[in-house]
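Source file: target.txt; contents: compact mmCIF, C-alpha atoms.
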# COMPACT_ATOMS: atom_id res chain seq x y z
CA MET A 845 -52.18 146.87 164.02
CA ARG A 846 -49.09 146.07 166.07
CA LEU A 847 -51.25 145.40 169.13
CA ARG A 848 -53.31 142.93 167.09
CA GLN A 849 -50.11 141.09 166.13
CA ILE A 850 -49.00 140.96 169.77
CA MET A 851 -52.41 139.66 170.85
CA ALA A 852 -52.44 137.04 168.12
CA SER A 853 -48.92 135.89 169.04
CA ALA A 854 -49.88 135.81 172.71
CA ALA A 855 -52.89 133.67 171.92
CA VAL A 856 -50.64 131.17 170.16
CA ALA A 857 -48.23 131.13 173.12
CA VAL A 858 -51.00 130.44 175.62
CA CYS A 859 -52.56 127.73 173.45
CA ALA A 860 -49.14 126.01 173.36
CA THR A 861 -49.16 125.85 177.16
CA GLY A 862 -52.49 124.10 177.33
CA GLY A 863 -54.99 126.96 176.88
CA ALA A 864 -55.14 127.85 180.56
CA ALA A 865 -56.08 131.48 179.74
CA PHE A 866 -59.41 130.37 178.27
CA ALA A 867 -60.46 128.35 181.30
CA GLU A 868 -62.76 131.11 182.57
CA VAL A 869 -64.15 132.22 179.15
CA THR A 870 -67.57 130.86 178.21
CA VAL A 871 -68.42 131.03 174.50
CA SER A 872 -72.13 130.97 173.74
CA GLN A 873 -73.26 128.40 171.22
CA SER A 874 -76.69 130.09 170.79
CA ASN A 875 -77.74 130.98 167.26
CA SER A 876 -80.53 133.27 168.48
CA PRO A 877 -80.98 136.43 166.32
CA GLU A 878 -81.34 138.37 169.59
CA LEU A 879 -77.58 138.10 170.17
CA GLY A 880 -76.43 141.44 168.79
CA MET A 881 -73.20 142.31 167.07
CA ALA A 882 -72.09 144.50 169.99
CA GLU A 883 -72.44 141.63 172.45
CA GLN A 884 -70.43 139.31 170.19
CA MET A 885 -67.65 141.88 169.87
CA ALA A 886 -67.57 142.42 173.63
CA SER A 887 -67.29 138.69 174.20
CA LEU A 888 -64.44 138.38 171.72
CA MET A 889 -62.58 141.38 173.13
CA GLY A 890 -62.95 140.00 176.63
CA ALA A 891 -61.41 136.71 175.58
CA GLU A 892 -58.61 138.55 173.79
CA HIS A 893 -57.79 140.66 176.85
CA ALA A 894 -57.84 137.56 179.05
CA THR A 895 -55.38 135.91 176.67
CA VAL A 896 -52.95 138.84 176.71
CA GLY A 897 -53.21 139.15 180.49
CA ALA A 898 -52.08 135.56 180.92
CA VAL A 899 -48.81 136.12 179.02
CA PRO A 900 -45.78 137.29 181.09
CA GLN A 901 -44.54 140.83 180.45
CA GLU A 902 -41.13 139.55 179.32
CA ARG A 903 -42.79 137.43 176.63
CA LEU A 904 -44.90 140.38 175.45
CA ALA A 905 -41.79 142.54 175.19
CA THR A 906 -40.08 139.85 173.11
CA LEU A 907 -43.08 139.56 170.80
CA ALA A 908 -43.24 143.33 170.38
CA ALA A 909 -39.53 143.60 169.55
CA GLY A 910 -39.69 140.87 166.94
CA PRO A 911 -36.87 138.49 165.99
CA LYS A 912 -33.30 139.72 166.32
CA LYS A 913 -31.56 140.43 163.05
CA GLN A 914 -28.01 139.29 162.39
CA LYS A 915 -25.58 141.88 161.13
CA PRO A 916 -24.61 141.46 157.46
CA GLY A 917 -21.71 139.09 157.22
CA ALA A 918 -21.96 138.02 160.87
CA VAL A 919 -20.71 134.53 161.60
CA VAL A 920 -22.53 132.40 164.16
CA LYS A 921 -19.97 130.38 166.10
CA ALA A 922 -20.84 126.91 167.30
CA VAL A 923 -19.54 125.77 170.67
CA ALA A 924 -17.26 122.79 170.10
CA PRO A 925 -17.63 119.89 172.55
CA ALA A 926 -14.72 119.16 174.86
CA GLN A 927 -12.26 116.79 173.22
CA PRO A 928 -11.00 113.79 175.17
CA VAL A 929 -7.29 113.48 175.86
CA LEU A 930 -5.75 111.29 173.16
CA ILE A 931 -2.69 109.38 174.35
CA ARG A 932 0.14 108.31 172.11
CA TYR A 933 2.59 106.03 173.85
CA GLU A 934 5.57 107.80 172.32
CA ASP A 935 8.38 109.99 173.62
CA SER A 936 7.33 112.78 171.25
CA PHE A 937 3.85 112.84 172.81
CA LEU A 938 5.24 113.23 176.32
CA ALA A 939 7.70 115.87 175.16
CA SER A 940 4.79 117.91 173.79
CA GLN A 941 3.13 118.02 177.23
CA PRO A 942 3.70 120.87 179.71
CA ALA A 943 6.61 120.60 182.13
CA PRO A 944 5.57 118.12 184.84
CA LYS A 945 4.46 119.61 188.13
CA GLY A 946 1.58 119.26 190.52
CA ASP A 947 0.32 118.74 194.04
CA ALA A 948 0.96 115.96 196.56
CA GLN A 949 -1.22 113.48 194.63
CA TRP A 950 0.82 114.08 191.49
CA GLN A 951 4.04 113.60 193.46
CA CYS A 952 2.82 110.30 194.89
CA LEU A 953 1.89 109.00 191.43
CA GLN A 954 5.20 110.16 189.96
CA SER A 955 7.10 108.43 192.75
CA ALA A 956 5.18 105.17 192.32
CA LEU A 957 5.78 105.13 188.57
CA TYR A 958 9.47 105.88 189.03
CA PHE A 959 10.17 103.15 191.57
CA GLU A 960 7.73 100.53 190.32
CA ALA A 961 7.98 100.88 186.54
CA ARG A 962 10.77 103.16 185.31
CA GLY A 963 12.47 100.25 183.52
CA GLU A 964 9.30 99.52 181.54
CA SER A 965 8.20 100.87 178.18
CA LEU A 966 5.89 103.90 178.11
CA LYS A 967 2.92 101.56 177.80
CA GLY A 968 4.13 99.64 180.82
CA GLN A 969 4.41 102.82 182.88
CA PHE A 970 1.01 104.08 181.76
CA ALA A 971 -0.43 100.68 182.68
CA VAL A 972 0.88 100.92 186.25
CA ALA A 973 -0.64 104.41 186.49
CA GLU A 974 -3.97 102.90 185.44
CA VAL A 975 -3.80 100.34 188.24
CA ILE A 976 -3.22 103.03 190.87
CA LEU A 977 -6.05 105.24 189.60
CA ASN A 978 -8.39 102.24 189.29
CA ARG A 979 -7.74 101.57 192.97
CA VAL A 980 -8.51 105.19 193.82
CA ASP A 981 -11.89 104.74 192.12
CA SER A 982 -12.60 101.45 193.92
CA ARG A 983 -14.43 101.29 197.25
CA GLU A 984 -11.98 98.62 198.35
CA TYR A 985 -9.07 101.08 198.55
CA PRO A 986 -8.29 104.61 199.78
CA ASN A 987 -9.82 107.41 197.74
CA SER A 988 -6.60 109.29 197.00
CA VAL A 989 -3.42 108.51 195.08
CA CYS A 990 -1.22 108.96 198.14
CA GLY A 991 -3.56 106.80 200.21
CA VAL A 992 -3.37 103.99 197.66
CA VAL A 993 0.40 104.19 197.16
CA LYS A 994 1.20 104.31 200.87
CA GLN A 995 -1.39 101.76 201.98
CA GLY A 996 -0.01 99.12 204.31
CA GLY A 997 -1.39 95.95 205.82
CA ASN A 998 -0.60 92.83 207.79
CA ARG A 999 1.63 91.58 204.99
CA GLY A 1000 3.49 94.82 204.36
CA CYS A 1001 3.04 97.62 201.88
CA GLN A 1002 0.94 97.38 198.75
CA PHE A 1003 3.83 98.92 196.80
CA SER A 1004 7.14 97.45 197.89
CA TYR A 1005 9.29 100.56 197.43
CA VAL A 1006 7.36 102.35 200.19
CA CYS A 1007 8.65 100.10 202.94
CA ASP A 1008 11.75 98.41 201.52
CA GLY A 1009 14.04 100.64 203.55
CA ASN A 1010 15.76 102.14 200.52
CA SER A 1011 16.04 105.83 199.71
CA ASP A 1012 13.09 107.30 197.82
CA VAL A 1013 15.17 109.96 196.10
CA MET A 1014 14.63 109.92 192.32
CA ARG A 1015 18.23 110.19 191.12
CA ASP A 1016 17.57 109.50 187.43
CA ARG A 1017 16.35 112.90 186.26
CA GLN A 1018 15.19 111.70 182.84
CA ALA A 1019 13.19 108.83 184.31
CA ALA A 1020 11.72 111.16 186.93
CA ASP A 1021 10.68 113.61 184.21
CA THR A 1022 9.02 110.83 182.23
CA ALA A 1023 7.17 109.55 185.31
CA GLY A 1024 6.06 113.07 186.14
CA ARG A 1025 4.68 113.69 182.66
CA ILE A 1026 2.81 110.37 182.66
CA ALA A 1027 1.38 111.18 186.09
CA ALA A 1028 0.20 114.61 184.90
CA VAL A 1029 -1.46 113.17 181.79
CA MET A 1030 -3.29 110.46 183.71
CA LEU A 1031 -4.45 112.79 186.48
CA SER A 1032 -5.87 115.13 183.85
CA GLY A 1033 -8.51 112.52 183.01
CA ALA A 1034 -6.88 110.59 180.17
CA PRO A 1035 -8.61 107.33 179.19
CA ARG A 1036 -7.39 104.07 180.69
CA GLY A 1037 -7.39 101.70 177.78
CA LEU A 1038 -4.50 99.35 178.48
CA THR A 1039 -5.46 97.14 181.41
CA ALA A 1040 -9.27 96.75 181.27
CA GLY A 1041 -9.80 98.01 184.82
CA ALA A 1042 -6.87 96.19 186.44
CA THR A 1043 -6.35 96.73 190.18
CA HIS A 1044 -3.27 94.49 190.62
CA PHE A 1045 -0.03 93.70 188.84
CA HIS A 1046 3.14 91.73 189.48
CA THR A 1047 6.34 90.94 187.63
CA ARG A 1048 6.68 87.72 185.69
CA ALA A 1049 9.37 86.63 188.16
CA VAL A 1050 6.86 86.00 190.97
CA ASN A 1051 3.58 84.11 191.32
CA PRO A 1052 1.48 85.50 194.17
CA ARG A 1053 -1.45 83.45 195.49
CA TRP A 1054 -4.07 86.02 194.52
CA ALA A 1055 -2.98 85.78 190.88
CA ARG A 1056 -4.66 82.36 190.70
CA GLN A 1057 -7.97 83.85 191.84
CA PHE A 1058 -8.16 87.14 189.92
CA PRO A 1059 -8.85 87.28 186.16
CA ARG A 1060 -5.85 88.45 184.16
CA THR A 1061 -6.58 91.46 181.97
CA ALA A 1062 -3.27 92.30 180.29
CA ALA A 1063 0.40 91.43 179.91
CA ILE A 1064 2.67 94.38 179.18
CA GLY A 1065 6.44 94.13 179.35
CA ALA A 1066 7.60 92.51 182.58
CA HIS A 1067 4.22 92.92 184.30
CA LEU A 1068 1.01 90.92 184.35
CA PHE A 1069 -2.21 92.73 185.23
CA TYR A 1070 -5.32 91.52 187.04
CA ARG A 1071 -8.73 92.84 188.06
CA GLN A 1072 -10.04 92.13 191.54
CA PRO A 1073 -13.43 90.38 191.31

Let me see whether you can do it: turn the structure in this file into structure tokens.
Amino acid sequence: MRLRQIMASAAVAVCATGGAAFAEVTVSQSNSPELGMAEQMASLMGAEHATVGAVPQERLATLAAGPKKQKPGAVVKAVAPAQPVLIRYEDSFLASQPAPKGDAQWQCLQSALYFEARGESLKGQFAVAEVILNRVDSREYPNSVCGVVKQGGNRGCQFSYVCDGNSDVMRDRQAADTAGRIAAVMLSGAPRGLTAGATHFHTRAVNPRWARQFPRTAAIGAHLFYRQP
């Protein structure tokens, strides 16, 4: 009886895959009384064996074992999807993050935030981090944080603190800690929702030529932000 169940289940499995197992089986449509019962049974058994033979051994073993039974009281756990990093532009949010540390790319981003934006609000510092990471993602700029921050050109450095001749020692420990935490959060894949893809920024005290050609995307604190077309 169990074999019959396996064969029936196997027939269903093969039919679901297009009925390939029956490709070589010819079923007579004759209604002649000369076709005996024994011949009909042999034909049916041959088709049944062909069906079972077409099913992989692993599938037959699964059919024979039957469905797995859950233990009484067992709880089936669902796998929760990964949650995106949710930023709050508050000191308490940064304080809740792990102590800031990282590799050379993290150090370059921390340094840029410290020297370019440490006097800004948290939003202003996060916005500058967005600009740097947007440049990393752009084909127009180097593909690393350090490459972007230290990029030079005919008109000097992209970030003025790199080549202004002043010391790059971060003497304000609190500001350095804040910059480091922001850098760690942003490098972990946090969303960039402040500057709409900005690749440039400048202070309100200056008016560079490119600012008249690039669309402005945001104004945060002392900085105006732009996206390169």

Under the rule that all atoms listed in the file are counted, which of A:Ala1034, A:Ile931, A:Val1029, A:Val1006 is the nearest residue to Glu960 of chain A? A:Val1006

Between atom CA of Gly1000 of chain A and atom CA of Ala1063 of chain A, what distance in Å does the model show, to one decimal? 24.9 Å

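Atom CA of Ala961 of chain A sits 19.8 Å away from atom CA of Ser988 of chain A.
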
Expected answer as a PyMOL selection string: all residues with atoms within 8 Å of (1.0, 106.3, 197.0), only C-alpha atoms: chain A and resi 949+952-953+955-956+989-995+1003

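Distances from A:Leu930, A:Leu977, A:Leu966, A:Ala948 to Leu1031 of chain A were compared using only C-alpha atoms, and the smallest one belongs to A:Leu977.
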
Which residue, A:Ser1032, A:Gln1072, A:Thr1022, A:Gln951, has the smallest gap to Val975 of chain A when you use all atoms listed in the file? A:Gln1072

Distance of atom CA of Phe970 of chain A from atom CA of Ala1062 of chain A, expressed in Å to one decimal place: 12.6 Å

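Closest to Ser982 of chain A among A:Ala1042, A:Ala1023, A:Ala939, A:Met1030 is A:Ala1042, based on only C-alpha atoms.
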
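Nearest to Val972 of chain A of all the residues A:Asn987, A:Gln1018, A:Thr1043, A:Gln1057 is A:Thr1043, counting only C-alpha atoms.
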
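In terms of minimum interatomic distance to Ala1027 of chain A, A:Ala973 ranks closest within A:Ala1055, A:Phe937, A:Ala973, A:Lys967, counting all atoms listed in the file.
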